[in-house]
Amino acid sequence: MNMPMVEHAGIELPSPHAGSGTAWQPASVPGYEWMFMRDGWELMAHGMIFLDYNQQGGPRGEGKAESLNMGMLMEQHRIGAGTILLRQMFSAESLTSPHPGFPELFQTGETFHGQPLVDHQHPHNVFAELSALYTLPLTGKIAWELYGGPSAEPALGPVTYIHRASAAELPLAPLSHHLQDSTHTSFGVVTTGFTIDRVKLEASAFNGREPNERRWSIQPATLDSWSGRAWIAPTRNWTAEYSVGRLEHPEALEPWSQWRETASVEYNRPLRGGNWASTLVWGRVQKIGIGTTLNSYLAESTLNFRQRNYVFSRLELVDKDELFPQASTHPVYRIGAYTFGGVRDLIHDRAWQLGLGADVTFYSKPAALDASYGQNPVSFQIFLRMRPGKSAGMHHH
């Protein structure tokens, strides 16, 4: 959630770098939301809807009309010397793209009818986040945070792609999602940490299991997994993080646990008449017990110019070992996905932004996959994107 970090009626938002969960984005990232003040509460609403025709290429591809969507509500109030921020995020994707979800070549992770999902991205849960964040200043430059909820995001990975400014115009999830930021909806999270000027250190205990196929339910379980993360925000345009965590039995059909490591850098630069946001992410998963190590690399950038125009790209290299779940062996294949696209706002005012966009994705892969995926598959999307207008308040640091 990109919130304008300004003071309203004496209430100071918890961090000038707020992203998703307790993650940080650059303080200069623009916000798209509606804001109100009532009885000492600061109320915010944010959301996005993509109405999309998605055509995935090659023999294992398919075409589908679908909608990716989410809505978020936030309520903030001062409590004593600190501030409480309540967040609720919802998604109707289980209705607008029912299982097995969104076609996406080479995507893996989670299940459908008890079988591993392959070449599809799963819909998000109806209750994607139900959380609370309490921030207590201890000195002028030191604050303590306590965060958590029945559906929340542990301190593991970068800002999730749903909330990254560099991914704001890209409908589909990265192929590296399950190696980087798939824990953004975890059913049971407790996080605590300290912000010391431009540095934040935090740790989480959480339920490491991926959500099951019942997308409308909350599925609490033991907080059996843990993570730690360090952030630095040297200027209002830069943030960087490193995180490590152990996830106990995250995948329903895999008996082993995982170590996950991530490192990321985000850069944002406000421009006259626009904005430029970019992200670099490395994510690694080590499957404990079988010795498999998977790496992923992502570069993502969105340029907004002359107010109404956007061009974007996402470049990925991802290791995949789940493309053929019924095979007796599961070799690791290095997949490349290279997406380029653009959006033009048809409506662009303080209330709404409605954009018409398209993108195309090319791939690189081992020749051994040609028989299944074709020699040179190409995928494309044509979509309408709707969201609130840009907030008048801007971040500061």
# chains A, B, ... in the order shown; residues from 1 in each chain; ligands from 1
>>> select_by_dssp(residues="range 109-257 of chain A", states="alpha helix (DSSP H)", output="NGL selection string")
:A and (177-180)
>>> residues_around(residues="range 89-94 of chain A", least_positions_apart="3", cutoff="10 Å", atoms="only C-alpha atoms", output="MDAnalysis selection string")
chainID A and resid 1 45:49 66:74 97:102 122:131 151:152 185 213:216
>>> select_by_dssp(residues="range 265-388 of chain A", states="strand (DSSP E or B)", output="MDAnalysis selection string")
chainID A and resid 265:271 274:287 292:305 309:320 333:348 352:364 378:388
>>> closest_atom_pairs(of="range 62-172 of chain A", to="range 222-242 of chain A", cutoff="8 Å", atoms="only C-alpha atoms", output="tab-separated table")
residue	atom	partner	partner_atom	distance
A:Pro154	CA	A:Ser227	CA	7.3
A:Ala155	CA	A:Arg229	CA	5.8
A:Leu156	CA	A:Ser227	CA	6.0
A:Gly157	CA	A:Tyr242	CA	7.5
A:Pro158	CA	A:Glu241	CA	6.9
>>> closest_atom_pairs(of="range 67-114 of chain A", to="range 251-273 of chain A", cutoff="8 Å", atoms="only C-alpha atoms", output="Markdown table")
| residue | atom | partner | partner_atom | distance |
| --- | --- | --- | --- | --- |
| A:Gly109 | CA | A:Glu251 | CA | 7.6 |
| A:Glu110 | CA | A:Glu251 | CA | 6.3 |
| A:Thr111 | CA | A:Ala252 | CA | 7.5 |
>>> atom_distance(atom1="CA of Val378 in chain A", atom2="CA of Asp181 in chain A")
25.4 Å
>>> residues_around(residues="Phe324 in chain A", least_positions_apart="2", cutoff="12 Å", atoms="only C-alpha atoms", output="JSON, numbers by chain")
{"A": [60, 106, 107, 108, 115, 116, 117, 118, 119, 320, 321, 322, 326, 327, 328, 329, 330, 331, 332, 333, 369, 372, 373]}
>>> closest_residue(among="A:Gly355, A:Gly82, A:Gly208, A:Gly61", to="Gly245 in chain A", atoms="only C-alpha atoms")
A:Gly208
>>> residues_around(residues="Arg334 in chain A", least_positions_apart="2", cutoff="8 Å", atoms="only C-alpha atoms", output="number ranges by chain")
A: 317-320, 332, 336, 365-366
>>> residues_around(residues="Phe362 in chain A", least_positions_apart="3", cutoff="12 Å", atoms="only C-alpha atoms", output="PDB file with C-alpha atoms, in the first residue's frame")
ATOM      1  CA  GLN A  56      -0.535 -17.573 -23.176  1.00  0.00           C
ATOM      2  CA  GLY A  57       1.355 -19.011 -26.142  1.00  0.00           C
ATOM      3  CA  GLY A  58       2.630 -22.434 -27.153  1.00  0.00           C
ATOM      4  CA  LEU A 105       3.381 -20.156 -18.796  1.00  0.00           C
ATOM      5  CA  PHE A 106       6.005 -21.718 -16.500  1.00  0.00           C
ATOM      6  CA  SER A 313       9.114  -4.058 -18.271  1.00  0.00           C
ATOM      7  CA  ARG A 314       9.791  -7.123 -16.132  1.00  0.00           C
ATOM      8  CA  LEU A 315      12.828  -9.320 -16.808  1.00  0.00           C
ATOM      9  CA  GLU A 316      13.227 -12.600 -14.917  1.00  0.00           C
ATOM     10  CA  ILE A 335      13.461 -20.144 -17.366  1.00  0.00           C
ATOM     11  CA  GLY A 336      13.674 -16.585 -18.681  1.00  0.00           C
ATOM     12  CA  ALA A 337      10.594 -14.369 -19.047  1.00  0.00           C
ATOM     13  CA  TYR A 338      10.859 -10.913 -20.652  1.00  0.00           C
ATOM     14  CA  THR A 339       7.744  -8.698 -20.509  1.00  0.00           C
ATOM     15  CA  PHE A 340       7.304  -5.307 -22.194  1.00  0.00           C
ATOM     16  CA  GLY A 341       4.173  -3.174 -22.277  1.00  0.00           C
ATOM     17  CA  ASP A 359       1.968  -6.307 -22.833  1.00  0.00           C
ATOM     18  CA  LYS A 365      14.354 -22.045 -21.795  1.00  0.00           C
ATOM     19  CA  GLN A 375      10.290 -23.580 -29.627  1.00  0.00           C
ATOM     20  CA  ASN A 376       9.417 -19.893 -29.220  1.00  0.00           C
ATOM     21  CA  PRO A 377       6.178 -19.342 -27.267  1.00  0.00           C
ATOM     22  CA  VAL A 378       4.927 -15.754 -27.002  1.00  0.00           C
ATOM     23  CA  SER A 379       2.208 -14.541 -24.613  1.00  0.00           C
ATOM     24  CA  PHE A 380       0.257 -11.283 -24.551  1.00  0.00           C
TER      25      PHE A 380
END
